[in-house]
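Peer 1: Contents are mmCIF, C-alpha atoms; file name start-v9.cif:
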```
data_work
loop_
_atom_site.label_atom_id
_atom_site.label_comp_id
_atom_site.auth_asym_id
_atom_site.auth_seq_id
_atom_site.Cartn_x
_atom_site.Cartn_y
_atom_site.Cartn_z
CA MET A 1 -15.39 0.11 67.76
CA SER A 2 -13.59 -1.98 70.30
CA LEU A 3 -11.53 -0.78 73.22
CA LEU A 4 -8.34 -1.95 71.52
CA VAL A 5 -8.99 -0.01 68.31
CA ILE A 6 -9.92 3.17 70.20
CA ALA A 7 -6.92 3.10 72.56
CA VAL A 8 -4.28 2.03 70.03
CA GLY A 9 -5.76 4.38 67.43
CA LEU A 10 -5.52 7.31 69.84
CA PHE A 11 -1.93 6.34 70.70
CA CYS A 12 -1.01 6.34 67.00
CA ILE A 13 -2.81 9.67 66.43
CA GLY A 14 -0.68 11.11 69.25
CA LEU A 15 2.46 9.56 67.77
CA TYR A 16 1.65 11.12 64.40
CA GLY A 17 1.24 14.48 66.14
CA VAL A 18 4.62 14.16 67.88
CA LEU A 19 6.27 13.36 64.54
CA THR A 20 4.62 16.08 62.45
CA ARG A 21 3.93 19.04 64.74
CA ARG A 22 6.49 21.84 64.52
CA ASP A 23 5.57 23.63 67.75
CA LEU A 24 6.77 22.53 71.19
CA VAL A 25 3.43 23.14 72.96
CA ALA A 26 1.60 21.12 70.30
CA ILE A 27 4.12 18.30 70.66
CA LEU A 28 3.50 18.26 74.43
CA ALA A 29 -0.26 18.12 73.81
CA SER A 30 0.28 15.16 71.49
CA ILE A 31 2.33 13.41 74.18
CA GLU A 32 -0.59 13.94 76.57
CA VAL A 33 -2.85 12.17 74.05
CA MET A 34 -0.40 9.23 73.93
CA LEU A 35 -0.24 9.00 77.73
CA GLY A 36 -4.03 9.24 78.08
CA SER A 37 -4.64 6.50 75.54
CA ALA A 38 -2.11 4.22 77.25
CA THR A 39 -3.89 4.74 80.59
CA LEU A 40 -7.20 4.08 78.88
CA LEU A 41 -6.00 0.71 77.54
CA LEU A 42 -4.38 -0.18 80.87
CA VAL A 43 -7.51 0.44 82.93
CA GLY A 44 -9.80 -1.03 80.27
CA LEU A 45 -7.75 -4.23 80.11
CA ALA A 46 -7.63 -4.48 83.89
CA VAL A 47 -11.40 -4.09 84.09
CA ALA A 48 -12.04 -6.54 81.25
CA GLY A 49 -9.72 -9.27 82.48
CA ARG A 50 -10.45 -9.07 86.17
CA THR A 51 -9.33 -12.48 87.35
CA VAL A 52 -7.12 -11.99 90.37
CA GLN A 53 -9.12 -11.58 93.53
CA GLY A 54 -8.20 -8.65 95.72
CA SER A 55 -6.43 -6.76 92.97
CA GLU A 56 -9.30 -4.38 92.17
CA GLY A 57 -7.81 -1.50 94.13
CA MET A 58 -4.49 -1.92 92.33
CA VAL A 59 -6.09 -1.03 89.00
CA GLU A 60 -7.07 2.42 90.19
CA GLY A 61 -3.73 2.74 92.00
CA VAL A 62 -1.72 2.12 88.84
CA GLY A 63 -3.94 4.53 86.88
CA LEU A 64 -3.39 7.14 89.60
CA MET A 65 0.40 6.69 89.29
CA VAL A 66 0.19 7.34 85.53
CA ILE A 67 -1.82 10.53 86.20
CA VAL A 68 0.82 11.69 88.70
CA LEU A 69 3.61 10.96 86.20
CA ALA A 70 1.78 12.83 83.45
CA ALA A 71 1.20 15.84 85.70
CA ALA A 72 4.91 16.02 86.60
CA GLU A 73 5.87 15.56 82.95
CA ALA A 74 3.55 18.34 81.81
CA ALA A 75 4.82 20.75 84.47
CA VAL A 76 8.51 20.16 83.67
CA GLY A 77 7.85 20.12 79.91
CA LEU A 78 5.94 23.40 79.92
CA ALA A 79 8.60 25.03 82.12
CA LEU A 80 11.20 23.96 79.55
CA VAL A 81 9.04 25.32 76.72
CA ILE A 82 8.74 28.70 78.42
CA SER A 83 12.48 28.73 79.15
CA VAL A 84 13.25 27.91 75.50
CA SER A 85 10.86 30.58 74.25
CA ARG A 86 12.54 33.15 76.51
CA ARG A 87 15.97 32.37 75.12
CA PHE A 88 15.20 31.75 71.46
CA LYS A 89 12.05 33.92 71.13
CA THR A 90 10.32 31.05 69.38
CA THR A 91 8.91 27.59 70.11
CA ARG A 92 9.22 26.21 66.57
CA ILE A 93 11.57 23.24 66.67
CA ASP A 94 12.87 24.00 63.17
CA GLU A 95 14.32 27.28 64.40
CA ILE A 96 15.83 25.91 67.62
CA VAL A 97 18.92 24.31 66.14
CA LYS A 98 21.65 25.87 68.23
CA VAL A 99 23.03 23.29 70.66
CA ARG A 100 25.62 24.25 73.25
CA GLY A 101 27.59 21.79 75.29
CA MET B 1 -27.99 -1.13 70.78
CA SER B 2 -28.05 -1.17 74.56
CA VAL B 3 -27.47 1.92 76.66
CA GLU B 4 -24.06 0.66 77.76
CA SER B 5 -22.72 0.16 74.25
CA ALA B 6 -24.21 3.50 73.18
CA VAL B 7 -22.33 5.25 76.01
CA PHE B 8 -19.15 3.38 75.05
CA THR B 9 -19.52 4.38 71.39
CA VAL B 10 -20.24 8.03 72.18
CA LEU B 11 -17.25 8.23 74.54
CA GLY B 12 -15.06 6.57 71.92
CA ILE B 13 -16.16 9.00 69.21
CA VAL B 14 -15.58 12.02 71.46
CA ALA B 15 -12.14 10.72 72.47
CA VAL B 16 -11.04 10.06 68.88
CA ALA B 17 -12.43 13.40 67.65
CA GLY B 18 -10.64 15.21 70.49
CA GLY B 19 -7.40 13.39 69.72
CA LEU B 20 -7.67 14.26 66.04
CA ALA B 21 -8.38 17.91 66.87
CA THR B 22 -5.35 17.99 69.19
CA VAL B 23 -3.07 16.69 66.48
CA PHE B 24 -4.47 18.35 63.37
CA ALA B 25 -5.97 21.69 64.49
CA ALA B 26 -4.08 24.67 63.11
CA ASP B 27 -5.53 27.03 65.69
CA VAL B 28 -4.17 27.01 69.26
CA SER B 29 -7.56 27.40 70.94
CA ARG B 30 -9.07 24.60 68.84
CA MET B 31 -6.16 22.38 69.85
CA ALA B 32 -6.82 23.13 73.53
CA ILE B 33 -10.55 22.41 73.11
CA GLY B 34 -9.72 19.13 71.37
CA LEU B 35 -7.35 18.12 74.16
CA GLY B 36 -10.03 19.01 76.73
CA ALA B 37 -12.61 16.87 74.91
CA PHE B 38 -10.18 13.95 74.77
CA LEU B 39 -9.32 14.20 78.48
CA LEU B 40 -13.00 14.51 79.43
CA ALA B 41 -13.83 11.43 77.34
CA VAL B 42 -11.06 9.44 79.07
CA ALA B 43 -12.47 10.53 82.46
CA GLY B 44 -15.89 9.45 81.19
CA PHE B 45 -14.50 6.01 80.31
CA PHE B 46 -13.09 5.64 83.84
CA VAL B 47 -16.41 6.57 85.44
CA TYR B 48 -18.23 4.25 83.00
CA TRP B 49 -16.02 1.33 84.06
CA GLY B 50 -16.67 2.02 87.73
CA ALA B 51 -13.26 3.51 88.52
CA THR B 52 -14.96 6.63 89.86
CA PHE B 53 -12.06 7.93 91.91
CA LEU B 54 -9.74 7.61 88.93
CA GLY B 55 -12.26 9.49 86.78
CA VAL B 56 -12.52 12.31 89.29
CA ALA B 57 -8.72 12.44 89.66
CA GLN B 58 -8.40 12.57 85.87
CA LEU B 59 -10.91 15.43 85.80
CA PHE B 60 -9.13 17.38 88.55
CA VAL B 61 -5.52 16.78 87.52
CA TYR B 62 -5.82 16.79 83.74
CA VAL B 63 -8.77 19.00 82.86
CA GLY B 64 -8.35 21.27 85.85
CA GLY B 65 -4.56 21.24 86.08
CA VAL B 66 -2.64 20.17 83.01
CA LEU B 67 -5.02 21.72 80.48
CA VAL B 68 -5.08 25.06 82.31
CA LEU B 69 -1.27 24.90 82.64
CA MET B 70 -1.05 24.32 78.90
CA LEU B 71 -3.37 27.26 78.20
CA PHE B 72 -1.18 29.47 80.39
CA ALA B 73 1.92 28.30 78.53
CA ILE B 74 0.21 29.09 75.21
CA MET B 75 -0.68 32.56 76.46
CA LEU B 76 2.90 33.19 77.64
CA VAL B 77 4.61 31.77 74.58
CA HIS B 78 2.41 32.52 71.57
CA ARG B 79 2.15 36.27 71.70
CA THR B 80 1.36 37.57 68.25
CA PRO B 81 0.10 41.09 67.60
CA ASP B 82 -2.45 40.04 65.01
CA GLY B 83 -5.15 37.55 65.89
CA SER B 84 -4.86 33.96 66.94
CA PRO B 85 -1.50 32.22 66.43
CA ARG B 86 -1.31 29.37 63.92
CA LEU B 87 0.33 26.06 64.65
CA GLU B 88 2.37 24.58 61.87
CA THR B 89 2.22 20.91 61.02
CA ARG B 90 4.50 19.26 58.49
CA HIS B 91 2.57 16.26 57.21
CA ASP B 92 4.68 13.63 55.60
CA VAL B 93 4.31 10.10 54.34
CA SER B 94 6.87 8.51 56.64
CA ALA B 95 5.04 9.74 59.77
CA VAL B 96 1.81 8.24 58.40
CA ALA B 97 3.69 5.00 57.71
CA VAL B 98 5.15 4.88 61.24
CA ALA B 99 1.86 5.65 63.00
CA GLY B 100 -0.25 3.45 60.69
CA GLY B 101 2.25 0.61 60.81
CA LEU B 102 2.37 0.70 64.62
CA PHE B 103 -1.45 0.72 64.72
CA VAL B 104 -1.75 -2.33 62.44
CA MET B 105 1.05 -4.13 64.28
CA VAL B 106 -0.32 -3.62 67.81
CA VAL B 107 -3.95 -4.29 66.85
CA THR B 108 -2.95 -7.49 65.02
CA ALA B 109 -0.77 -8.64 67.89
CA LEU B 110 -3.32 -7.98 70.63
CA SER B 111 -6.61 -8.71 68.85
CA GLY B 112 -6.82 -12.25 70.20
CA VAL B 113 -5.86 -11.28 73.73
CA VAL B 114 -7.99 -8.21 74.38
CA PRO B 115 -11.74 -8.77 74.70
CA ASP B 116 -13.83 -6.69 72.31
CA THR B 117 -16.19 -5.23 74.84
CA VAL B 118 -15.85 -4.41 78.49
CA ASP B 119 -19.24 -5.45 79.76
CA HIS B 120 -18.73 -5.32 83.49
CA GLY B 121 -17.29 -2.63 85.67
CA LEU B 122 -15.11 -2.50 88.73
CA VAL B 123 -16.96 -2.75 91.98
CA THR B 124 -14.33 -0.99 94.02
CA GLY B 125 -14.65 2.01 96.22
CA THR B 126 -12.10 4.26 97.79
CA THR B 127 -11.56 1.72 100.59
CA GLU B 128 -10.03 -0.84 98.21
CA LEU B 129 -7.95 1.90 96.59
CA ALA B 130 -6.67 3.09 99.96
CA GLU B 131 -5.84 -0.48 101.01
CA ALA B 132 -3.92 -0.99 97.76
CA LEU B 133 -2.08 2.32 97.99
CA LEU B 134 -1.07 1.84 101.61
CA GLY B 135 -0.50 -1.91 101.25
CA PRO B 136 1.20 -3.47 98.22
CA MET B 137 1.68 -0.13 96.44
CA LEU B 138 3.13 1.80 99.36
CA ALA B 139 6.56 2.13 97.73
CA HIS B 140 4.97 3.42 94.50
CA PHE B 141 2.88 5.88 96.47
CA GLU B 142 5.91 7.29 98.29
CA MET B 143 7.92 7.41 95.06
CA ALA B 144 5.10 9.36 93.40
CA GLY B 145 5.27 11.90 96.22
CA VAL B 146 9.05 12.22 95.84
CA LEU B 147 8.66 12.51 92.07
CA LEU B 148 6.19 15.38 92.43
CA LEU B 149 8.53 17.15 94.87
CA VAL B 150 11.48 16.73 92.50
CA ALA B 151 9.35 18.00 89.58
CA LEU B 152 8.38 21.05 91.64
CA VAL B 153 12.02 21.84 92.46
CA VAL B 154 13.08 21.27 88.84
CA VAL B 155 10.38 23.63 87.57
CA VAL B 156 11.51 26.34 90.01
CA VAL B 157 15.17 25.88 88.98
CA ILE B 158 14.33 25.98 85.26
CA MET B 159 12.13 29.05 85.53
CA ARG B 160 14.55 30.96 87.78
CA GLY B 161 17.38 30.59 85.28
CA GLY B 162 15.96 33.08 82.83
CA ASP B 163 18.08 34.71 80.16
CA GLU B 164 21.36 35.14 81.95
CA ARG B 165 22.36 31.46 81.96
#
```
Represent the structure of the file as structure tokens.

Peer 2:
Amino acid sequence: MSLLVIAVGLFCIGLYGVLTRRDLVAILASIEVMLGSATLLLVGLAVAGRTVQGSEGMVEGVGLMVIVLAAAEAAVGLALVISVSRRFKTTRIDEIVKVRG
Amino acid sequence: MSVESAVFTVLGIVAVAGGLATVFAADVSRMAIGLGAFLLAVAGFFVYWGATFLGVAQLFVYVGGVLVLMLFAIMLVHRTPDGSPRLETRHDVSAVAVAGGLFVMVVTALSGVVPDTVDHGLVTGTTELAEALLGPMLAHFEMAGVLLLVALVVVVVIMRGGDER
């Protein structure tokens, strides 16, 4: 198993979860899998192709930014899920069809 | 098989199994365990490649923060009187085609560019990371702080709204 197959495979597993899951929390978990696999490929590629001198710290820096983004995304996403479940009494996306402007 | 490639293979298997459990598990707690295994495996990859700080941050933020947040959301949202709640998944062929097609496309496109194995690690410590964060990445660092503040405010606004809005 190569790095590419693992990371892209995990991204596609997450994508499949986003497309097929019917529950908002499960969709958020699948998005976390997609984000994690993208970070994995990013850091793995940076480690594998280390050619630019003095850029070693940047690799970890960029990975850290992705972690920060994912944390903010998870917090806002879960707050929205709880808000939706309060209003509609469900988190199934099939049942949340009422859209108000 | 050397120790390094054995560690790589084990981490890869744990990550893929965790990802599959996150996507396919019908039980909420199994999904959370799968997500935890996946996130731990990713942290393991980071430590294995020498990005120790990133691995520890992944462990703290994801496993300690996001996963626990997700468990709390599950506890608040999925309240059923009888037993563990079930998660519904609607499998269909087009989703398999999209995910499988993307996999084949990206792997084919990148197979010549990406090296198969990562045989050397980073030799950086926190000093290099700090120099990068406070040097060329200073703007990103500040923006990340602002982003977290905005996310915090947004979460408070969303949660305060409640039913009356």

Peer 1: Taking all atoms listed in the file into account and nothing else, which residues of chain A lie no more than 6 Å away from chain B? Please answer as a list in words.

Peer 2: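 In the required form, that comes to Ser2, Cys12, Tyr16, Gly17, Thr20, Arg21, Arg22, Ala48, Gly57, Met58, Glu60, Ala72, Val76, Ala79 and Arg87 of chain A.
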
Peer 1: Go through B:Val63, B:Val3, B:Asp27, B:Val68 one by one, measure the shortest atom-to-atom distance of each to B:Tyr48 using all atoms listed in the file, and give the residue with the smallest value.

Peer 2: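 Closest residue, counting all atoms listed in the file: B:Val3.
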
Peer 1: Might you spell out which residues the PyMOL selection byres ((chain A and resi 40-42) around 8) would select in the displayed file, as a tab-separated table (two decimals) with C-alpha atoms, keeping the file's coordinate frame?

Peer 2:
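Result written to selection-v5.tsv:
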```tsv
chain	number	residue	atom	x	y	z
A	3	LEU	CA	-11.53	-0.78	73.22
A	4	LEU	CA	-8.34	-1.95	71.52
A	7	ALA	CA	-6.92	3.10	72.56
A	8	VAL	CA	-4.28	2.03	70.03
A	36	GLY	CA	-4.03	9.24	78.08
A	37	SER	CA	-4.64	6.50	75.54
A	38	ALA	CA	-2.11	4.22	77.25
A	39	THR	CA	-3.89	4.74	80.59
A	43	VAL	CA	-7.51	0.44	82.93
A	44	GLY	CA	-9.80	-1.03	80.27
A	45	LEU	CA	-7.75	-4.23	80.11
A	46	ALA	CA	-7.63	-4.48	83.89
A	63	GLY	CA	-3.94	4.53	86.88
B	42	VAL	CA	-11.06	9.44	79.07
B	45	PHE	CA	-14.50	6.01	80.31
B	46	PHE	CA	-13.09	5.64	83.84
```

Peer 1: If the PyMOL selection byres ((chain A and resi 35) around 10) were run on this exact file, what residues would it hold? Put them as a ChimeraX atom specification.

Peer 2: /A:10-11,14,29-34,36-40,66-67,69-70

Peer 1: Please measure the separation of atom CA of A:Arg92 and atom CA of A:Leu24, giving the value in Å to one decimal.

Peer 2: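 Value for the atom CA of A:Arg92-atom CA of A:Leu24 distance: 6.4 Å.
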
Peer 1: Quick one: distance from atom CA of A:Glu95 to atom CA of A:Val18 in Å, one decimal?

Peer 2: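 Separating atom CA of A:Glu95 from atom CA of A:Val18 is a distance of 16.7 Å.
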
Peer 1: For a test of reading the model, state the distance in Å between atom CA of B:Val10 and atom CA of A:Gly9, rounded to one decimal.

Peer 2: 15.7 Å

Peer 1: In terms of the shortest atom-to-atom distance over only C-alpha atoms, which of B:Val7, B:Met75, B:Leu134, B:Val146 is closest to A:Val68?

Peer 2: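 Nearest to A:Val68: B:Val146.
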
Peer 1: Could you tell me which residues the PyMOL selection byres ((chain A and resi 91) around 8) grabs in this file, written as a count of residues only?

Peer 2: 14
